[in-house]
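Colleague: Got a file for you: upload-v3.cif, mmCIF, C-alpha atoms and all ligand atoms.
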```cif
data_coords
loop_
_atom_site.group_PDB
_atom_site.id
_atom_site.type_symbol
_atom_site.label_atom_id
_atom_site.label_comp_id
_atom_site.auth_asym_id
_atom_site.auth_seq_id
_atom_site.Cartn_x
_atom_site.Cartn_y
_atom_site.Cartn_z
ATOM 1 C CA MET A 1393 256.254 -26.118 124.574
ATOM 2 C CA ALA A 1394 256.813 -29.555 123.000
ATOM 3 C CA ALA A 1395 254.247 -30.753 120.474
ATOM 4 C CA GLY A 1396 251.624 -32.840 122.231
ATOM 5 C CA ASP A 1397 252.446 -31.232 125.598
ATOM 6 C CA PHE A 1398 249.675 -32.185 127.988
ATOM 7 C CA SER A 1399 249.785 -28.775 129.702
ATOM 8 C CA ASP A 1400 248.902 -27.001 126.476
ATOM 9 C CA ARG A 1401 245.503 -28.252 125.333
ATOM 10 C CA ASP A 1402 242.049 -26.911 124.951
ATOM 11 C CA GLY A 1403 239.415 -28.189 127.320
ATOM 12 C CA LEU A 1404 238.497 -28.119 130.983
ATOM 13 C CA ILE A 1405 239.818 -29.853 134.095
ATOM 14 C CA TRP A 1406 238.033 -30.480 137.372
ATOM 15 C CA MET A 1407 240.348 -29.304 140.150
ATOM 16 C CA ASP A 1408 239.520 -29.161 143.850
ATOM 17 C CA GLY A 1409 235.838 -28.670 143.221
ATOM 18 C CA GLU A 1410 236.047 -26.231 140.320
ATOM 19 C CA ILE A 1411 235.976 -26.661 136.588
ATOM 20 C CA ILE A 1412 238.819 -24.576 135.199
ATOM 21 C CA PRO A 1413 240.510 -24.040 131.809
ATOM 22 C CA TRP A 1414 242.902 -26.887 130.972
ATOM 23 C CA ARG A 1415 245.991 -24.627 130.873
ATOM 24 C CA ASP A 1416 245.276 -23.201 134.346
ATOM 25 C CA ALA A 1417 245.318 -26.566 136.133
ATOM 26 C CA LYS A 1418 248.757 -26.101 137.772
ATOM 27 C CA VAL A 1419 250.566 -27.012 140.998
ATOM 28 C CA HIS A 1420 253.541 -25.351 142.706
ATOM 29 C CA VAL A 1421 257.035 -26.870 142.375
ATOM 30 C CA LEU A 1422 257.154 -27.390 146.137
ATOM 31 C CA THR A 1423 254.214 -29.758 146.047
ATOM 32 C CA HIS A 1424 254.693 -32.734 148.373
ATOM 33 C CA GLY A 1425 253.369 -35.137 145.766
ATOM 34 C CA LEU A 1426 256.086 -34.116 143.336
ATOM 35 C CA HIS A 1427 258.964 -34.520 145.815
ATOM 36 C CA TYR A 1428 257.872 -37.576 147.775
ATOM 37 C CA ALA A 1429 255.511 -39.394 145.371
ATOM 38 C CA SER A 1430 252.535 -38.830 147.671
ATOM 39 C CA SER A 1431 250.145 -39.189 144.796
ATOM 40 C CA VAL A 1432 247.643 -41.785 143.593
ATOM 41 C CA PHE A 1433 245.681 -41.903 140.384
ATOM 42 C CA GLU A 1434 243.127 -43.738 138.289
ATOM 43 C CA GLY A 1435 242.676 -44.490 134.614
ATOM 44 C CA GLU A 1436 239.095 -44.948 133.417
ATOM 45 C CA ARG A 1437 237.281 -45.059 130.130
ATOM 46 C CA ALA A 1438 233.909 -43.753 129.069
ATOM 47 C CA TYR A 1439 232.152 -45.654 126.304
ATOM 48 C CA ASP A 1440 229.105 -44.044 124.717
ATOM 49 C CA ASP A 1441 228.742 -41.638 127.646
ATOM 50 C CA ASN A 1442 228.994 -44.362 130.285
ATOM 51 C CA ILE A 1443 232.098 -44.583 132.505
ATOM 52 C CA PHE A 1444 232.835 -48.294 132.759
ATOM 53 C CA ARG A 1445 233.022 -49.467 136.406
ATOM 54 C CA MET A 1446 233.108 -45.824 137.477
ATOM 55 C CA HIS A 1447 232.217 -46.430 141.109
ATOM 56 C CA ASP A 1448 234.814 -49.212 141.453
ATOM 57 C CA HIS A 1449 237.462 -46.816 140.155
ATOM 58 C CA SER A 1450 236.337 -44.167 142.657
ATOM 59 C CA LYS A 1451 236.562 -46.675 145.498
ATOM 60 C CA ARG A 1452 239.993 -47.792 144.312
ATOM 61 C CA LEU A 1453 241.279 -44.201 144.276
ATOM 62 C CA ILE A 1454 240.186 -43.802 147.898
ATOM 63 C CA ARG A 1455 241.741 -47.165 148.816
ATOM 64 C CA SER A 1456 245.002 -46.262 147.039
ATOM 65 C CA ALA A 1457 245.131 -43.021 149.052
ATOM 66 C CA GLU A 1458 244.493 -44.915 152.312
ATOM 67 C CA LEU A 1459 247.272 -47.353 151.456
ATOM 68 C CA ILE A 1460 249.785 -44.503 151.206
ATOM 69 C CA ASP A 1461 248.368 -43.000 154.418
ATOM 70 C CA MET A 1462 246.748 -40.072 152.651
ATOM 71 C CA GLN A 1463 243.281 -38.880 153.597
ATOM 72 C CA MET A 1464 240.888 -38.479 150.684
ATOM 73 C CA THR A 1465 238.625 -35.472 150.913
ATOM 74 C CA LEU A 1466 235.909 -36.811 148.626
ATOM 75 C CA THR A 1467 233.595 -39.770 148.887
ATOM 76 C CA ALA A 1468 233.283 -42.262 146.042
ATOM 77 C CA GLU A 1469 229.872 -40.757 145.209
ATOM 78 C CA GLU A 1470 231.369 -37.257 145.027
ATOM 79 C CA LEU A 1471 234.140 -38.549 142.780
ATOM 80 C CA ASP A 1472 231.533 -40.164 140.526
ATOM 81 C CA THR A 1473 229.654 -36.859 140.238
ATOM 82 C CA ALA A 1474 232.839 -34.919 139.473
ATOM 83 C CA LYS A 1475 233.790 -37.412 136.747
ATOM 84 C CA ARG A 1476 230.399 -37.112 135.104
ATOM 85 C CA GLU A 1477 230.565 -33.321 135.343
ATOM 86 C CA ILE A 1478 233.956 -32.995 133.697
ATOM 87 C CA LEU A 1479 233.087 -35.437 130.939
ATOM 88 C CA GLU A 1480 229.973 -33.439 130.158
ATOM 89 C CA ALA A 1481 231.765 -30.061 130.441
ATOM 90 C CA ASN A 1482 234.228 -31.302 127.799
ATOM 91 C CA LYS A 1483 231.385 -32.667 125.639
ATOM 92 C CA LEU A 1484 233.064 -36.061 125.525
ATOM 93 C CA THR A 1485 231.208 -39.353 125.340
ATOM 94 C CA ASN A 1486 234.108 -41.703 124.527
ATOM 95 C CA ALA A 1487 237.144 -40.728 126.537
ATOM 96 C CA TYR A 1488 239.959 -41.652 128.862
ATOM 97 C CA ILE A 1489 239.540 -40.199 132.353
ATOM 98 C CA ARG A 1490 242.445 -39.487 134.681
ATOM 99 C CA PRO A 1491 241.585 -38.658 138.300
ATOM 100 C CA ILE A 1492 244.607 -37.873 140.492
ATOM 101 C CA ALA A 1493 244.971 -37.080 144.198
ATOM 102 C CA TRP A 1494 248.127 -35.661 145.748
ATOM 103 C CA ARG A 1495 249.495 -34.005 148.847
ATOM 104 C CA GLY A 1496 249.884 -30.268 148.305
ATOM 105 C CA SER A 1497 252.560 -27.698 149.187
ATOM 106 C CA GLU A 1498 251.176 -26.851 152.647
ATOM 107 C CA GLN A 1499 254.142 -28.707 154.190
ATOM 108 C CA LEU A 1500 257.379 -29.877 152.606
ATOM 109 C CA GLY A 1501 259.489 -32.588 154.190
ATOM 110 C CA ILE A 1502 259.063 -36.277 154.791
ATOM 111 C CA SER A 1503 256.307 -35.571 157.288
ATOM 112 C CA ALA A 1504 253.152 -34.425 155.629
ATOM 113 C CA GLN A 1505 250.483 -34.192 158.322
ATOM 114 C CA ALA A 1506 249.721 -30.544 157.483
ATOM 115 C CA THR A 1507 249.306 -31.117 153.771
ATOM 116 C CA LYS A 1508 245.903 -31.088 152.142
ATOM 117 C CA THR A 1509 244.823 -33.745 149.677
ATOM 118 C CA HIS A 1510 244.103 -32.162 146.336
ATOM 119 C CA VAL A 1511 242.141 -33.823 143.577
ATOM 120 C CA ALA A 1512 241.999 -33.183 139.846
ATOM 121 C CA ILE A 1513 240.190 -34.980 137.053
ATOM 122 C CA ALA A 1514 241.107 -34.607 133.394
ATOM 123 C CA CYS A 1515 239.583 -36.379 130.418
ATOM 124 C CA TRP A 1516 240.443 -36.543 126.761
ATOM 125 C CA ASP A 1517 239.867 -38.486 123.618
ATOM 126 C CA TRP A 1518 242.301 -41.432 123.609
ATOM 127 C CA PRO A 1519 241.127 -44.207 121.290
ATOM 128 C CA SER A 1520 243.694 -46.959 121.734
ATOM 129 C CA TYR A 1521 246.681 -47.379 124.065
ATOM 130 C CA PHE A 1522 248.605 -49.471 121.557
ATOM 131 C CA SER A 1523 248.494 -48.778 117.825
ATOM 132 C CA PRO A 1524 245.713 -50.604 115.900
ATOM 133 C CA GLU A 1525 248.332 -52.505 113.802
ATOM 134 C CA ALA A 1526 250.199 -53.645 116.930
ATOM 135 C CA ARG A 1527 246.912 -54.719 118.504
ATOM 136 C CA GLU A 1528 245.961 -56.721 115.417
ATOM 137 C CA LYS A 1529 249.119 -58.806 115.205
ATOM 138 C CA GLY A 1530 249.870 -58.711 118.914
ATOM 139 C CA ILE A 1531 252.228 -56.387 120.746
ATOM 140 C CA SER A 1532 255.733 -57.395 121.848
ATOM 141 C CA LEU A 1533 257.137 -57.479 125.374
ATOM 142 C CA GLN A 1534 260.702 -57.479 126.627
ATOM 143 C CA THR A 1535 261.348 -58.907 130.087
ATOM 144 C CA SER A 1536 262.449 -56.095 132.371
ATOM 145 C CA LYS A 1537 265.427 -56.199 134.686
ATOM 146 C CA TRP A 1538 263.193 -54.470 137.253
ATOM 147 C CA ALA A 1539 260.973 -56.578 139.491
ATOM 148 C CA ALA A 1540 257.541 -56.008 140.975
ATOM 149 C CA PRO A 1541 258.492 -55.326 144.619
ATOM 150 C CA MET A 1542 257.829 -57.341 147.755
ATOM 151 C CA PRO A 1543 254.527 -56.268 149.304
ATOM 152 C CA ASN A 1544 256.313 -55.129 152.465
ATOM 153 C CA THR A 1545 258.631 -52.813 150.538
ATOM 154 C CA ALA A 1546 256.001 -50.849 148.632
ATOM 155 C CA THR A 1547 252.241 -50.268 148.594
ATOM 156 C CA THR A 1548 251.830 -52.776 145.787
ATOM 157 C CA ALA A 1549 248.027 -52.985 145.945
ATOM 158 C CA SER A 1550 247.636 -49.255 145.334
ATOM 159 C CA LYS A 1551 247.746 -47.290 142.124
ATOM 160 C CA ALA A 1552 250.404 -45.042 143.648
ATOM 161 C CA ALA A 1553 252.528 -42.843 141.415
ATOM 162 C CA GLY A 1554 255.726 -43.931 143.191
ATOM 163 C CA LEU A 1555 255.408 -47.482 141.878
ATOM 164 C CA TYR A 1556 255.623 -46.327 138.273
ATOM 165 C CA ALA A 1557 259.253 -45.100 138.266
ATOM 166 C CA THR A 1558 260.499 -48.633 137.523
ATOM 167 C CA HIS A 1559 257.673 -49.160 135.039
ATOM 168 C CA THR A 1560 258.752 -46.123 133.015
ATOM 169 C CA MET A 1561 262.389 -47.284 133.041
ATOM 170 C CA SER A 1562 261.296 -50.779 131.972
ATOM 171 C CA LYS A 1563 259.144 -49.438 129.157
ATOM 172 C CA HIS A 1564 261.913 -47.142 127.924
ATOM 173 C CA SER A 1565 264.369 -49.996 127.844
ATOM 174 C CA ALA A 1566 261.884 -52.209 125.937
ATOM 175 C CA GLU A 1567 261.060 -49.466 123.428
ATOM 176 C CA ALA A 1568 264.759 -48.796 122.829
ATOM 177 C CA LYS A 1569 265.043 -52.426 121.629
ATOM 178 C CA GLY A 1570 261.954 -52.146 119.404
ATOM 179 C CA TYR A 1571 259.474 -53.850 121.784
ATOM 180 C CA THR A 1572 256.097 -52.320 122.566
ATOM 181 C CA ASP A 1573 256.175 -52.771 126.342
ATOM 182 C CA ALA A 1574 257.958 -54.559 129.165
ATOM 183 C CA LEU A 1575 257.068 -57.715 131.064
ATOM 184 C CA MET A 1576 257.753 -57.320 134.766
ATOM 185 C CA LEU A 1577 258.645 -60.372 136.808
ATOM 186 C CA ASP A 1578 258.056 -60.185 140.541
ATOM 187 C CA TYR A 1579 260.597 -60.244 143.372
ATOM 188 C CA ARG A 1580 260.456 -64.096 143.348
ATOM 189 C CA GLY A 1581 261.027 -64.255 139.598
ATOM 190 C CA TYR A 1582 257.432 -65.148 138.671
ATOM 191 C CA VAL A 1583 255.618 -63.482 135.757
ATOM 192 C CA ALA A 1584 253.822 -60.416 137.176
ATOM 193 C CA GLU A 1585 252.387 -57.897 134.705
ATOM 194 C CA ALA A 1586 253.197 -55.401 131.968
ATOM 195 C CA THR A 1587 253.950 -51.767 132.864
ATOM 196 C CA GLY A 1588 250.314 -50.665 132.808
ATOM 197 C CA ALA A 1589 248.294 -53.836 132.345
ATOM 198 C CA ASN A 1590 247.803 -57.346 133.741
ATOM 199 C CA ILE A 1591 248.777 -60.485 131.843
ATOM 200 C CA PHE A 1592 246.935 -63.705 130.899
ATOM 201 C CA LEU A 1593 248.298 -66.852 129.219
ATOM 202 C CA VAL A 1594 246.453 -69.639 127.415
ATOM 203 C CA GLN A 1595 248.067 -73.032 127.914
ATOM 204 C CA ASP A 1596 246.347 -76.071 126.376
ATOM 205 C CA GLY A 1597 242.920 -74.440 126.609
ATOM 206 C CA VAL A 1598 243.362 -73.207 130.203
ATOM 207 C CA LEU A 1599 243.424 -69.481 130.893
ATOM 208 C CA ARG A 1600 246.076 -68.711 133.490
ATOM 209 C CA THR A 1601 246.889 -65.429 135.178
ATOM 210 C CA PRO A 1602 249.262 -64.597 138.023
ATOM 211 C CA ASP A 1603 247.982 -64.144 141.544
ATOM 212 C CA PRO A 1604 248.083 -60.356 142.111
ATOM 213 C CA ASP A 1605 249.814 -60.625 145.481
ATOM 214 C CA CYS A 1606 252.453 -57.967 144.730
ATOM 215 C CA PHE A 1607 250.958 -55.860 141.946
ATOM 216 C CA LEU A 1608 247.683 -54.206 140.984
ATOM 217 C CA ASN A 1609 244.658 -56.489 140.763
ATOM 218 C CA GLY A 1610 243.277 -54.622 137.759
ATOM 219 C CA LEU A 1611 239.560 -54.080 137.352
ATOM 220 C CA THR A 1612 239.814 -55.232 133.734
ATOM 221 C CA ARG A 1613 241.557 -58.397 134.939
ATOM 222 C CA GLN A 1614 238.622 -59.030 137.285
ATOM 223 C CA THR A 1615 236.102 -58.316 134.506
ATOM 224 C CA VAL A 1616 237.888 -60.689 132.116
ATOM 225 C CA LEU A 1617 237.958 -63.434 134.755
ATOM 226 C CA SER A 1618 234.173 -63.074 135.152
ATOM 227 C CA LEU A 1619 233.713 -63.157 131.372
ATOM 228 C CA ALA A 1620 235.847 -66.298 131.172
ATOM 229 C CA GLU A 1621 233.661 -67.919 133.801
ATOM 230 C CA GLU A 1622 230.503 -66.986 131.881
ATOM 231 C CA LEU A 1623 232.047 -68.357 128.689
ATOM 232 C CA LYS A 1624 233.027 -71.563 130.530
ATOM 233 C CA ILE A 1625 236.721 -71.105 129.798
ATOM 234 C CA PRO A 1626 238.699 -73.028 132.421
ATOM 235 C CA THR A 1627 240.751 -70.577 134.491
ATOM 236 C CA GLU A 1628 243.596 -70.847 136.945
ATOM 237 C CA ILE A 1629 245.092 -68.134 139.169
ATOM 238 C CA CYS A 1630 248.593 -69.205 140.021
ATOM 239 C CA HIS A 1631 252.291 -68.418 140.064
ATOM 240 C CA ILE A 1632 253.795 -68.617 136.585
ATOM 241 C CA LYS A 1633 257.490 -69.141 135.955
ATOM 242 C CA PRO A 1634 258.980 -67.417 132.874
ATOM 243 C CA GLU A 1635 260.132 -70.865 131.581
ATOM 244 C CA GLU A 1636 256.453 -71.810 131.264
ATOM 245 C CA LEU A 1637 256.009 -69.216 128.521
ATOM 246 C CA LYS A 1638 257.474 -71.852 126.167
ATOM 247 C CA ASN A 1639 254.365 -74.008 126.671
ATOM 248 C CA THR A 1640 251.989 -71.148 125.974
ATOM 249 C CA GLN A 1641 249.850 -70.701 122.866
ATOM 250 C CA GLU A 1642 248.264 -67.289 123.514
ATOM 251 C CA VAL A 1643 249.125 -64.278 125.651
ATOM 252 C CA PHE A 1644 247.144 -61.097 126.196
ATOM 253 C CA LEU A 1645 247.132 -58.033 128.420
ATOM 254 C CA THR A 1646 244.188 -56.442 130.207
ATOM 255 C CA GLY A 1647 243.820 -52.884 131.452
ATOM 256 C CA THR A 1648 241.512 -49.923 131.233
ATOM 257 C CA ALA A 1649 243.823 -48.242 128.740
ATOM 258 C CA ALA A 1650 245.005 -51.441 127.002
ATOM 259 C CA GLU A 1651 241.548 -53.112 127.135
ATOM 260 C CA VAL A 1652 242.200 -56.700 125.904
ATOM 261 C CA THR A 1653 245.378 -56.606 123.810
ATOM 262 C CA ALA A 1654 246.990 -59.680 122.285
ATOM 263 C CA VAL A 1655 250.723 -60.240 122.796
ATOM 264 C CA GLY A 1656 252.538 -61.675 119.760
ATOM 265 C CA LYS A 1657 256.012 -61.900 121.220
ATOM 266 C CA ILE A 1658 257.828 -62.014 124.566
ATOM 267 C CA ASP A 1659 261.608 -61.705 124.129
ATOM 268 C CA ASP A 1660 262.347 -64.391 121.466
ATOM 269 C CA LEU A 1661 259.139 -66.416 121.927
ATOM 270 C CA GLU A 1662 256.257 -65.923 119.507
ATOM 271 C CA PHE A 1663 252.522 -66.422 120.096
ATOM 272 C CA SER A 1664 249.488 -66.377 117.864
ATOM 273 C CA VAL A 1665 246.445 -64.182 118.351
ATOM 274 C CA GLY A 1666 244.288 -67.168 119.157
ATOM 275 C CA PRO A 1667 240.617 -68.014 119.670
ATOM 276 C CA ILE A 1668 240.430 -67.484 123.442
ATOM 277 C CA THR A 1669 242.044 -64.044 123.154
ATOM 278 C CA ARG A 1670 239.617 -63.091 120.368
ATOM 279 C CA GLN A 1671 236.617 -64.436 122.250
ATOM 280 C CA LEU A 1672 237.480 -62.499 125.428
ATOM 281 C CA ARG A 1673 238.413 -59.358 123.492
ATOM 282 C CA ASP A 1674 235.032 -59.399 121.736
ATOM 283 C CA ALA A 1675 233.170 -60.130 124.958
ATOM 284 C CA TYR A 1676 234.960 -57.255 126.711
ATOM 285 C CA GLU A 1677 234.291 -54.859 123.839
ATOM 286 C CA SER A 1678 230.589 -55.593 123.893
ATOM 287 C CA LEU A 1679 230.340 -55.515 127.715
ATOM 288 C CA VAL A 1680 231.844 -52.032 128.063
ATOM 289 C CA ARG A 1681 229.220 -50.656 125.677
ATOM 290 C CA GLN A 1682 226.300 -52.403 127.373
ATOM 291 C CA ARG A 1683 223.978 -50.075 129.343
HETATM 292 C C1 LIG B 1 250.631 -51.399 136.684
HETATM 293 C C2 LIG B 1 249.240 -51.666 136.245
HETATM 294 N N1 LIG B 1 248.782 -52.934 136.300
HETATM 295 C C3 LIG B 1 247.538 -53.249 135.896
HETATM 296 C C4 LIG B 1 246.687 -52.276 135.423
HETATM 297 C C5 LIG B 1 245.300 -52.647 134.987
HETATM 298 O O1 LIG B 1 244.361 -52.100 135.869
HETATM 299 P P1 LIG B 1 242.882 -51.778 135.402
HETATM 300 O O2 LIG B 1 242.401 -52.961 134.666
HETATM 301 O O3 LIG B 1 242.145 -51.539 136.659
HETATM 302 O O4 LIG B 1 242.961 -50.570 134.539
HETATM 303 C C6 LIG B 1 247.119 -50.950 135.360
HETATM 304 C C7 LIG B 1 246.226 -49.890 134.875
HETATM 305 O O5 LIG B 1 245.594 -49.244 135.665
HETATM 306 C C8 LIG B 1 248.417 -50.634 135.783
HETATM 307 O O6 LIG B 1 248.878 -49.381 135.715
#
```
Now, as a test, write the supplied structure out as structure tokens.
Ligand SMILES: Cc1ncc(COP(=O)(O)O)c(C=O)c1O
Modeller:
Amino acid sequence: MAAGDFSDRDGLIWMDGEIIPWRDAKVHVLTHGLHYASSVFEGERAYDDNIFRMHDHSKRLIRSAELIDMQMTLTAEELDTAKREILEANKLTNAYIRPIAWRGSEQLGISAQATKTHVAIACWDWPSYFSPEAREKGISLQTSKWAAPMPNTATTASKAAGLYATHTMSKHSAEAKGYTDALMLDYRGYVAEATGANIFLVQDGVLRTPDPDCFLNGLTRQTVLSLAEELKIPTEICHIKPEELKNTQEVFLTGTAAEVTAVGKIDDLEFSVGPITRQLRDAYESLVRQR
């Protein structure tokens, strides 16, 4: 067992309606989800015992399943209850929560009508996605050779496991060159997102973010757009060409795991951790802890 192996931890996991020991939460190798990527998941965070936008995450899990033609067995309310239960069972108040739904081993082949949808929810203590030092001076991104796909070639609005194969390859390639993460362009060549977070740019005082027409419209992205509106920061949702990064003063990422993380470098271009990034990062940090 490798050090840090996620199958070998203390704790409890919610699985198909039961709370079971962490190490017993297993699936068979002939699970449909494993062979054909029939799996969708969520990433959520609890702050001071409150799961931020919990119900929206539950609804998105159900929507992601629908988008890959998979029937969810639980309602959003039932998912909410299960998340609260597993957080409490693990005695966690600040945690990352990972619900996942997948087609089981009841049928194996491209067709999957006889499979059941299984659901598991794990949670663990996971303070920061990027290291505190990287967050302070801004993380670095390398532009990936992989593109966010055309919406009619993949279920781009879902948080489907199958979409992440190119994200992992992109992140590996970036890390091999010393970057923190990868910047994905879309199939048209516009700036899309990072491998697990959305992207925002500040150009001459205007906050700009790509239109999520072929990638996940993150809940954090939506929260940050509302915060920007409240703070009267002018905002534009638009297509952004990579050449425009030259005329950019600040860049940051948003995501449940990443929260609001400044970007200090994209390929050879450098950016400062500027006032709009700091203002939105602070506003986000206080919002998630508000009851
Ligand atoms: C590919 C991708 N884009 C964007 C996001 C940000 O989404 P959210 O803010 O809902 O966590 C995530 C994280 O879930 C992601 O995996």
Colleague: Got a sec to resolve the PyMOL selection byres (((chain A and resi 1667-1675) around 10) and not hetatm) on this structure and send the residues as an mmCIF file with C-alpha atoms, keeping the file's coordinate frame?
Modeller:
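Now in expr.cif:
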```
data_model
loop_
_atom_site.group_PDB
_atom_site.id
_atom_site.type_symbol
_atom_site.label_atom_id
_atom_site.label_comp_id
_atom_site.auth_asym_id
_atom_site.auth_seq_id
_atom_site.Cartn_x
_atom_site.Cartn_y
_atom_site.Cartn_z
ATOM 1 C CA PHE A 1592 246.935 -63.705 130.899
ATOM 2 C CA LEU A 1593 248.298 -66.852 129.219
ATOM 3 C CA VAL A 1594 246.453 -69.639 127.415
ATOM 4 C CA GLY A 1597 242.920 -74.440 126.609
ATOM 5 C CA VAL A 1598 243.362 -73.207 130.203
ATOM 6 C CA LEU A 1599 243.424 -69.481 130.893
ATOM 7 C CA VAL A 1616 237.888 -60.689 132.116
ATOM 8 C CA LEU A 1617 237.958 -63.434 134.755
ATOM 9 C CA LEU A 1619 233.713 -63.157 131.372
ATOM 10 C CA ALA A 1620 235.847 -66.298 131.172
ATOM 11 C CA LEU A 1623 232.047 -68.357 128.689
ATOM 12 C CA ILE A 1625 236.721 -71.105 129.798
ATOM 13 C CA GLN A 1641 249.850 -70.701 122.866
ATOM 14 C CA GLU A 1642 248.264 -67.289 123.514
ATOM 15 C CA VAL A 1643 249.125 -64.278 125.651
ATOM 16 C CA PHE A 1644 247.144 -61.097 126.196
ATOM 17 C CA LEU A 1645 247.132 -58.033 128.420
ATOM 18 C CA THR A 1646 244.188 -56.442 130.207
ATOM 19 C CA GLU A 1651 241.548 -53.112 127.135
ATOM 20 C CA VAL A 1652 242.200 -56.700 125.904
ATOM 21 C CA THR A 1653 245.378 -56.606 123.810
ATOM 22 C CA ALA A 1654 246.990 -59.680 122.285
ATOM 23 C CA VAL A 1655 250.723 -60.240 122.796
ATOM 24 C CA SER A 1664 249.488 -66.377 117.864
ATOM 25 C CA VAL A 1665 246.445 -64.182 118.351
ATOM 26 C CA GLY A 1666 244.288 -67.168 119.157
ATOM 27 C CA TYR A 1676 234.960 -57.255 126.711
ATOM 28 C CA GLU A 1677 234.291 -54.859 123.839
ATOM 29 C CA SER A 1678 230.589 -55.593 123.893
ATOM 30 C CA LEU A 1679 230.340 -55.515 127.715
ATOM 31 C CA VAL A 1680 231.844 -52.032 128.063
#
```
Colleague: Any chance you could resolve the PyMOL selection byres (((not hetatm)) within 8 of (chain B and resi 1)) against this file and give the residues as a compact mmCIF listing (two decimals) with C-alpha atoms, in the coordinates of the input?
Modeller:
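Output file result_26.txt follows:
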```
# COMPACT_ATOMS: atom_id res chain seq x y z
CA GLU A 1434 243.13 -43.74 138.29
CA GLY A 1435 242.68 -44.49 134.61
CA GLU A 1436 239.10 -44.95 133.42
CA HIS A 1449 237.46 -46.82 140.16
CA LYS A 1551 247.75 -47.29 142.12
CA TYR A 1556 255.62 -46.33 138.27
CA HIS A 1559 257.67 -49.16 135.04
CA GLU A 1585 252.39 -57.90 134.71
CA ALA A 1586 253.20 -55.40 131.97
CA THR A 1587 253.95 -51.77 132.86
CA GLY A 1588 250.31 -50.66 132.81
CA ALA A 1589 248.29 -53.84 132.34
CA ASN A 1590 247.80 -57.35 133.74
CA PHE A 1607 250.96 -55.86 141.95
CA LEU A 1608 247.68 -54.21 140.98
CA ASN A 1609 244.66 -56.49 140.76
CA GLY A 1610 243.28 -54.62 137.76
CA LEU A 1611 239.56 -54.08 137.35
CA THR A 1612 239.81 -55.23 133.73
CA ARG A 1613 241.56 -58.40 134.94
CA GLN A 1614 238.62 -59.03 137.28
CA THR A 1646 244.19 -56.44 130.21
CA GLY A 1647 243.82 -52.88 131.45
CA THR A 1648 241.51 -49.92 131.23
CA ALA A 1649 243.82 -48.24 128.74
CA ALA A 1650 245.00 -51.44 127.00
CA GLU A 1651 241.55 -53.11 127.14
```
Colleague: I'd like to know which of A:Glu1636, A:Asp1448, A:Asp1578, A:Asp1573 is closest to Ala1539 in chain A, using only C-alpha atoms.
Modeller: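 Closest candidate: A:Asp1578.
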Colleague: From the options A:Glu1621, A:Glu1628, A:Glu1567, A:Glu1477, which residue's atoms come nearest to Leu1404 in chain A, counting all atoms listed in the file?
Modeller: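 For Leu1404 in chain A, the nearest of the candidates is A:Glu1477.
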Colleague: Kindly compute an axis-aligned box around the listed atoms of range 1430-1443 of chain A, allowing 3 Å on each side, and express its centre and edge lengths in Å to one decimal as lines of an AutoDock Vina configuration file.
Modeller:
```
center_x = 240.6
center_y = -42.2
center_z = 136.2
size_x = 29.8
size_y = 12.8
size_z = 29.0
```
Colleague: Could you check which of A:Ser1450, A:Gln1534, A:Ser1520, A:Ser1431 is closest to Pro1634 in chain A, using all atoms listed in the file?
Modeller: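 Checking each of A:Ser1450, A:Gln1534, A:Ser1520, A:Ser1431 against Pro1634 in chain A, counting all atoms listed in the file, the winner is A:Gln1534.
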Colleague: Evaluate the PyMOL selection byres (((chain A and resi 1422-1426) around 9) and not hetatm) and record the selected residues as a ChimeraX atom specification, following the chain and residue labels used in the document.
Modeller: /A:1419-1421,1427-1431,1493-1502,1504,1507,1553
Colleague: Can you list, as a VMD selection string, every protein, DNA or RNA residue that comes within 9 Å of Asp1603 in chain A when you count all atoms listed in the file, leaving out same-chain residues fewer than 5 positions away?
Modeller: chain A and resid 1584 1609 1629 to 1632
Colleague: Within 12 Å of Glu1470 in chain A, counting all atoms listed in the file, which residues qualify if same-chain residues fewer than 5 places away don't, as a PyMOL selection string?
Modeller: chain A and resi 1408-1409+1446-1447+1450-1451+1454+1464-1465+1475-1477+1511
Colleague: CA of Ala1457 in chain A and CA of Val1432 in chain A are how many Å apart?
Modeller: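 Here the two named atoms are 6.1 Å from each other.
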Colleague: Which of these residues is nearest to Ala1568 in chain A, using all atoms listed in the file: A:Gly1656, A:Ala1417, A:Tyr1439, A:Leu1533?
Modeller: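 With all atoms listed in the file as the atom set, the closest residue is A:Leu1533.
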Colleague: For the atom pair CA of Ile1658 in chain A and CA of Leu1575 in chain A, what is the interatomic distance in Å to one decimal place?
Modeller: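 Going from CA of Ile1658 in chain A over to CA of Leu1575 in chain A, I get 7.8 Å.
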Colleague: Any idea what the distance is between CA of Tyr1571 in chain A and CA of Trp1538 in chain A?
Modeller: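 So the two atoms, CA of Tyr1571 in chain A and CA of Trp1538 in chain A, lie 15.9 Å apart.
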Colleague: Check the smallest atom-to-atom distance from each of A:Ile1492, A:Ala1546, A:Met1576, A:Met1407 to Thr1560 in chain A using all atoms listed in the file, then report the winner.
Modeller: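 Between A:Ile1492, A:Ala1546, A:Met1576, A:Met1407, the residue approaching Thr1560 in chain A most closely is A:Met1576.
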Colleague: Please identify all polymer residues within 12 Å of Asp1441 in chain A, counting all atoms listed in the file, omitting same-chain residues fewer than 6 positions from it, and present them as a PyMOL selection string.
Modeller: chain A and resi 1475-1480+1482-1489+1680-1683
Colleague: For Val1583 in chain A, which of A:Arg1455, A:Lys1537, A:Lys1633, A:Lys1569 is the closest residue, counting all atoms listed in the file?
Modeller: A:Lys1633
